[in-house]
Structure formats: structure tokens, C-alpha cells
Amino acid sequence: MRELQLKPFAWGRFLRIALAAVIAESMVLNLRYVTPHLEFGELPAISPSFRQASGFWILAAIAALLAMNLLLLGWYAIVRLRFAMFLAIVDPSLGLRAGWRGCAKQADRLFRVTLLTTLGIVLLLGLLVLVIATGVFGVMTLRTPDGKYDTGVFLVLFFPTVGFAAAIVAACVLARVVLHDFILPHMALENATFREAWREVRRRVRADREGFFSYLLLRALFVIVITPVLALLAFAVLWPVFWMLGASAAGYNALLEDATGIAAAGRIALNAILLALGAATGAMGAAVFGGLFAVFLRAHAIYFYGSRYRALGDLLAESAAETVEAQTA
């Protein structure tokens with residue numbers, strides 16, 4: 001983390017890597033700029049006759065397909081950015097661009113596996129909803145002879161449902177950790193397929209079950225303990241900034257409340273600028289407060305697996321030797 005972001009320190013490089021790490025790690029500190037004082041006027045209402053026209057549904061279908069494609073494209077970009085971050089941490093001299101350009105094929109493979117895994121988890125969530133609905137129906141219909149709700153039926157249905165929900169959460173976490181922390185290095189360094197990478201990961205897990213279990217616990221502990229601290233710190237620092245932006249918006253919107261013509265257009269432009277400024281401030285805050293931790297988490301995963309995956313460990317040792325040589329030259 002120190003070698004990649006702080007030595008030498010430059011704001012542009014630091015923010016670029018930090019923001020990429022936050023996105024790749026899907027770390028959200030909820031630094032959103034939200035204020036009720038930004039008004040952009042009322043949107044024109046859709047007439048009932050237009051809703052009933054066939055063209056409306058065609059446009060709605062096109063918009064839905066476009067939104068789905070944008071979602072998948074953004075998802076793929078996150079997976080590809082994970083490869084870029086991985087290679088940048090293994091060799092800080094590469095930067096993000098080299099990893100982004102050199103791992104397109106591997107990122108496409110991992111993206112497809114991630115998509116299939118997510119669909120499987122969605123099916124499990126659907127099954128969970130069905131189980132909950134069945135439990136609620138059972139509790140409402142199965143009653144005692146005197147017509148009261150049966151506490152025994154509730155307990156019999158409640159605990160298995162909670163256990164099933166916990167199992168789904170654990171499956172989500174394990175799938176993300178295995179794909180991101182263990183499968184990705186094999187794909188990035190060996191151009192391995194998912195099946196080949198999964199075979200290698202299973203072999204290493206069998207050889208050191210206690211070590212991998214300890215890693216999972218420590219990683220969860222990092223997230224549980226450090227993330228709330230970062231969120232509180234970020235809130236304490238950025239809340240005054242967001243308050244000033246909100247107060248400014250409230251002030252000039254009150255002054256221009258009855259404005260028309262050019263003044264009304266200027267009011268909308270000011271609101272758009274203030275909204276963009278607030279969004280940029282939130283993104284910068286997320287990068288500053290979450291970027292170091294995101295890089296630390298990724299580096300921790302890489303060095304843990306590098307001690308069990310020789311190809312990765314050799315690259316880390318070579319990179320560390322080059323860094324020491326450059327510092328002593």
C-alpha cells in the first residue's frame with residue numbers, strides 16, 4: 001500500500017489509484033451529496049394516450065435493454081479493474097493502464113463466471129423468499145385448538161429459515177472471496193481457465209485448511225472493524241462541506257424562487273453545477289478515506305496467497321527486490 005500510493009506521493013496518482021481500488025473492491029462509504037434544496041423544475045407528465053400507444057412500450061423495452069447493457073458493461077469494467085489493481089500491486093511500476101490493457105481476455109472469462117455465480121445466488125434468494133412465504137402461511141394457518149397462533153410452529157419454521165438465510169450470506173461472501181482473491185491470480189498470471197484455476201485453488205485449500213479459514217476470519221474482521229471507523233471519520237470531515245453546499249443551494253434557490261426566463265435557466269444551471277460539485281466531493285472523499293484501506297485489503301489477499309502460490313510469490317519477491325534496489329541506488 002505504501003509503495004503503490006505514498007512513495008512518492010502525488011495527489012493525482014493517489015486519487016486515481018484510490019478511486020480505482022474503491023470501485024474494484026466495491027467499497028461504499030455512502031458519501032452521497034443529497035439536499036432537498038436542488039430544484040430543477042417539474043418534469044412533463046406522460047399523457048395516458050401516449051402510455052397506451054404501442055410506441056411507448058417499444059421505447060420502454062429499448063430503455064430497459066439499454067439500462068441492462070449499461071449495467072453489464074459497468075460490471076465487466078469492475079471485474080477488469082480488479083485485474084488492473086492486482087497487477088499494479090504485484091508490480092507498482094506497471095500502474096493501472098498496463099493491467100487494464102493486458103487482461104481483457106481473462107477479465108471476460110472471470111466476468112462470465114461471476115455472472116453465472118450471481119444468477120445462482122439470485123435463485124437461492126428466490127428460494128429463500130419462497131421458504132419465508134411458506135413459513136408465514138404456515139404460522140397464519142396452523143393454530144392451536146383454541147384458535148391462537150402456535151408458538152411451536154413459529155419456532156420450528158423460524159430457526160431453519162434464519163439458518164438458510166445465513167447460509168446464503170456465507171455463500172455470497174465465499175464466492176466473492178474465492179473468485180477475487182484466489183481464482184483471479186491464476187487467470188491473470190497463467191491465463192488459466194476457470195476450471196484450471198479452481199482445481200489449483202482446491203488443492204491449496206485442502207493442503208492448508210486452517211490457514212485459509214484464518215484468512216477468511218481476519219479479512220472479515222478487517223471489514224467489520226475498520227469500515228465503520230472510516231465511515232464515521234469521513235462523515236465528520238465531509239459533513240461540513242456538504243452542509244455549506246446545501247446552505248448555498250437553499251440561499252440562492254430562495255432568492256430565485258419566482259425567477260423566470262434567463263434567471264430561471266441560470267438557477268437550473270447553478271443547481272446542476274452544485275450537484276456535480278457535491279458528487280465530485282463525495283467521490284473524492286470515498287477515494288481518500290476508503291482508497292488506502294481498499295489497497296490494503298487487496299495487498300493482504302495477494303501476499304497471503306503469494307505464500308501458497310509460488311508463481312505469485314516469486315513475482316512479489318522480485319518486485320520487492322527491485323524496489324529496494326531502486327531506493328538504495
# chains A, B, ... in the order shown; residues from 1 in each chain; ligands from 1
>>> residues_around(residues="range 280-293 of chain A", least_positions_apart="6", cutoff="12 Å", atoms="only C-alpha atoms", output="mmCIF file with C-alpha atoms, in the first residue's frame")
data_model
loop_
_atom_site.group_PDB
_atom_site.id
_atom_site.type_symbol
_atom_site.label_atom_id
_atom_site.label_comp_id
_atom_site.auth_asym_id
_atom_site.auth_seq_id
_atom_site.Cartn_x
_atom_site.Cartn_y
_atom_site.Cartn_z
ATOM 1 C CA MET A 1 0.000 0.000 0.000
ATOM 2 C CA ARG A 2 2.776 2.405 0.909
ATOM 3 C CA GLU A 3 4.837 1.670 -2.201
ATOM 4 C CA LEU A 4 1.864 1.984 -4.544
ATOM 5 C CA GLN A 5 0.192 5.105 -3.171
ATOM 6 C CA LEU A 6 2.538 7.034 -0.902
ATOM 7 C CA TRP A 11 -2.285 13.800 -5.383
ATOM 8 C CA GLY A 12 -3.253 12.871 -8.934
ATOM 9 C CA ARG A 13 -1.716 9.402 -8.754
ATOM 10 C CA PHE A 14 -3.022 8.819 -5.237
ATOM 11 C CA LEU A 15 -6.621 9.733 -6.115
ATOM 12 C CA ARG A 16 -6.547 7.732 -9.349
ATOM 13 C CA ILE A 17 -5.357 4.546 -7.648
ATOM 14 C CA ALA A 18 -7.543 5.099 -4.575
ATOM 15 C CA LEU A 19 -10.720 5.592 -6.600
ATOM 16 C CA ALA A 20 -9.903 2.555 -8.760
ATOM 17 C CA ALA A 21 -9.341 0.476 -5.618
ATOM 18 C CA VAL A 22 -12.614 1.600 -4.038
ATOM 19 C CA ILE A 23 -14.522 0.677 -7.203
ATOM 20 C CA ALA A 24 -12.702 -2.645 -7.635
ATOM 21 C CA GLU A 25 -13.283 -3.621 -4.011
ATOM 22 C CA SER A 26 -16.913 -2.390 -4.171
ATOM 23 C CA MET A 27 -16.265 -0.385 -1.014
ATOM 24 C CA VAL A 28 -19.075 2.089 -0.404
ATOM 25 C CA LEU A 29 -18.785 4.655 2.387
ATOM 26 C CA ASN A 30 -22.119 6.275 1.453
ATOM 27 C CA LEU A 31 -20.645 9.730 0.856
ATOM 28 C CA ARG A 32 -23.587 10.981 -1.170
ATOM 29 C CA TYR A 33 -24.425 14.630 -1.500
ATOM 30 C CA VAL A 34 -28.188 14.823 -1.012
ATOM 31 C CA MET A 85 -5.366 -3.445 -9.429
ATOM 32 C CA ARG A 219 -10.500 -10.439 6.369
ATOM 33 C CA PHE A 222 -10.808 -6.015 8.961
ATOM 34 C CA VAL A 223 -14.045 -5.067 7.203
ATOM 35 C CA VAL A 225 -13.868 -3.101 12.475
ATOM 36 C CA ILE A 226 -12.254 -0.640 10.055
ATOM 37 C CA THR A 227 -15.142 0.212 7.691
ATOM 38 C CA PRO A 228 -17.365 1.853 10.380
ATOM 39 C CA VAL A 229 -14.373 3.842 11.644
ATOM 40 C CA LEU A 230 -13.642 5.106 8.127
ATOM 41 C CA ALA A 231 -17.309 5.953 7.561
ATOM 42 C CA LEU A 232 -17.512 7.978 10.790
ATOM 43 C CA LEU A 233 -14.263 9.769 10.023
ATOM 44 C CA ALA A 234 -15.375 10.591 6.501
ATOM 45 C CA PHE A 235 -18.729 11.850 7.768
ATOM 46 C CA ALA A 236 -17.053 14.089 10.358
ATOM 47 C CA VAL A 237 -14.772 15.650 7.748
ATOM 48 C CA LEU A 238 -17.171 15.939 4.805
ATOM 49 C CA TRP A 239 -20.432 16.786 6.548
ATOM 50 C CA PRO A 240 -19.444 20.471 6.992
ATOM 51 C CA VAL A 241 -18.610 20.655 3.275
ATOM 52 C CA PHE A 242 -21.950 19.130 2.296
ATOM 53 C CA LEU A 245 -23.141 23.282 -0.317
ATOM 54 C CA ILE A 273 -23.125 22.739 -11.058
ATOM 55 C CA LEU A 274 -23.667 22.395 -7.315
ATOM 56 C CA ALA A 299 -2.420 -6.376 -0.918
ATOM 57 C CA HIS A 300 -3.212 -8.503 2.140
#
>>> residues_around(residues="Lys105 in chain A", least_positions_apart="3", cutoff="12 Å", atoms="only C-alpha atoms", output="PDB file with N, CA and C atoms, in the first residue's frame")
ATOM      1  N   TYR A  76     -18.654  -5.520 -15.961  1.00  0.00           N
ATOM      2  CA  TYR A  76     -17.444  -6.032 -16.611  1.00  0.00           C
ATOM      3  C   TYR A  76     -16.257  -5.101 -16.354  1.00  0.00           C
ATOM      4  N   VAL A  79     -14.813  -5.857 -12.956  1.00  0.00           N
ATOM      5  CA  VAL A  79     -14.017  -7.086 -12.961  1.00  0.00           C
ATOM      6  C   VAL A  79     -12.668  -6.839 -13.629  1.00  0.00           C
ATOM      7  N   ARG A  80     -12.671  -6.116 -14.727  1.00  0.00           N
ATOM      8  CA  ARG A  80     -11.410  -5.824 -15.416  1.00  0.00           C
ATOM      9  C   ARG A  80     -10.515  -4.916 -14.577  1.00  0.00           C
ATOM     10  N   PHE A  83      -8.400  -6.871 -12.158  1.00  0.00           N
ATOM     11  CA  PHE A  83      -7.154  -7.384 -12.727  1.00  0.00           C
ATOM     12  C   PHE A  83      -6.092  -6.288 -12.764  1.00  0.00           C
ATOM     13  N   GLY A  99      -2.236  -3.232 -16.704  1.00  0.00           N
ATOM     14  CA  GLY A  99      -3.124  -4.319 -16.336  1.00  0.00           C
ATOM     15  C   GLY A  99      -4.470  -4.238 -17.037  1.00  0.00           C
ATOM     16  N   TRP A 100      -4.981  -3.035 -17.217  1.00  0.00           N
ATOM     17  CA  TRP A 100      -6.263  -2.860 -17.904  1.00  0.00           C
ATOM     18  C   TRP A 100      -6.172  -3.338 -19.351  1.00  0.00           C
ATOM     19  N   ARG A 101      -5.082  -3.020 -20.025  1.00  0.00           N
ATOM     20  CA  ARG A 101      -4.938  -3.395 -21.431  1.00  0.00           C
ATOM     21  C   ARG A 101      -4.582  -4.863 -21.614  1.00  0.00           C
ATOM     22  N   GLY A 102      -3.843  -5.429 -20.674  1.00  0.00           N
ATOM     23  CA  GLY A 102      -3.321  -6.773 -20.878  1.00  0.00           C
ATOM     24  C   GLY A 102      -4.189  -7.900 -20.391  1.00  0.00           C
ATOM     25  N   ASP A 108     -12.859 -11.136 -19.230  1.00  0.00           N
ATOM     26  CA  ASP A 108     -14.094 -11.633 -19.837  1.00  0.00           C
ATOM     27  C   ASP A 108     -14.448 -13.011 -19.290  1.00  0.00           C
ATOM     28  N   ARG A 109     -13.452 -13.863 -19.103  1.00  0.00           N
ATOM     29  CA  ARG A 109     -13.708 -15.187 -18.523  1.00  0.00           C
ATOM     30  C   ARG A 109     -14.245 -15.076 -17.097  1.00  0.00           C
ATOM     31  N   LEU A 110     -13.569 -14.285 -16.294  1.00  0.00           N
ATOM     32  CA  LEU A 110     -13.997 -14.160 -14.897  1.00  0.00           C
ATOM     33  C   LEU A 110     -15.349 -13.471 -14.798  1.00  0.00           C
ATOM     34  N   PHE A 111     -15.624 -12.528 -15.697  1.00  0.00           N
ATOM     35  CA  PHE A 111     -16.920 -11.854 -15.684  1.00  0.00           C
ATOM     36  C   PHE A 111     -18.050 -12.848 -15.943  1.00  0.00           C
ATOM     37  N   ARG A 112     -17.858 -13.762 -16.875  1.00  0.00           N
ATOM     38  CA  ARG A 112     -18.904 -14.750 -17.164  1.00  0.00           C
ATOM     39  C   ARG A 112     -19.125 -15.671 -15.960  1.00  0.00           C
ATOM     40  N   MET A 187      -5.765 -16.772 -13.210  1.00  0.00           N
ATOM     41  CA  MET A 187      -6.178 -16.286 -14.521  1.00  0.00           C
ATOM     42  C   MET A 187      -5.251 -15.181 -15.025  1.00  0.00           C
ATOM     43  N   ALA A 188      -4.834 -14.302 -14.117  1.00  0.00           N
ATOM     44  CA  ALA A 188      -4.002 -13.173 -14.524  1.00  0.00           C
ATOM     45  C   ALA A 188      -2.585 -13.601 -14.886  1.00  0.00           C
ATOM     46  N   ASN A 191      -3.014 -17.216 -17.464  1.00  0.00           N
ATOM     47  CA  ASN A 191      -4.064 -17.229 -18.487  1.00  0.00           C
ATOM     48  C   ASN A 191      -4.891 -18.513 -18.370  1.00  0.00           C
ATOM     49  N   ALA A 192      -5.122 -18.958 -17.127  1.00  0.00           N
ATOM     50  CA  ALA A 192      -5.832 -20.207 -16.877  1.00  0.00           C
ATOM     51  C   ALA A 192      -7.328 -20.019 -17.063  1.00  0.00           C
ATOM     52  N   THR A 193      -7.989 -21.110 -17.406  1.00  0.00           N
ATOM     53  CA  THR A 193      -9.445 -21.098 -17.427  1.00  0.00           C
ATOM     54  C   THR A 193      -9.966 -21.196 -15.996  1.00  0.00           C
TER      55      THR A 193
END
>>> closest_residue(among="A:Cys172, A:Ala133, A:Val90, A:Ile58", to="Val295 in chain A", atoms="only C-alpha atoms")
A:Val90
>>> residues_around(residues="Val173 in chain A", least_positions_apart="2", cutoff="12 Å", atoms="only C-alpha atoms", output="number ranges by chain")
A: 117-118, 121, 166-171, 175-181, 216-217, 219-220
>>> atom_distance(atom1="CA of Val136 in chain A", atom2="CA of Val162 in chain A")
13.2 Å
>>> closest_residue(among="A:Gly135, A:Gly211, A:Pro185, A:Gly246", to="Leu312 in chain A", atoms="only C-alpha atoms")
A:Pro185
>>> atom_distance(atom1="CA of Arg209 in chain A", atom2="CA of Asp314 in chain A")
22.6 Å
>>> residues_around(residues="Glu196 in chain A", least_positions_apart="6", cutoff="10 Å", atoms="only C-alpha atoms", output="PDB file with C-alpha atoms, in the first residue's frame")
ATOM      1  CA  ILE A 183      -9.140 -17.594  -8.786  1.00  0.00           C
ATOM      2  CA  HIS A 186      -4.235 -17.871 -11.671  1.00  0.00           C
ATOM      3  CA  MET A 187      -6.178 -16.286 -14.521  1.00  0.00           C
ATOM      4  CA  GLU A 190      -1.183 -18.176 -16.172  1.00  0.00           C
TER       5      GLU A 190
END
>>> atom_distance(atom1="CA of Ser307 in chain A", atom2="CA of Phe86 in chain A")
15.6 Å
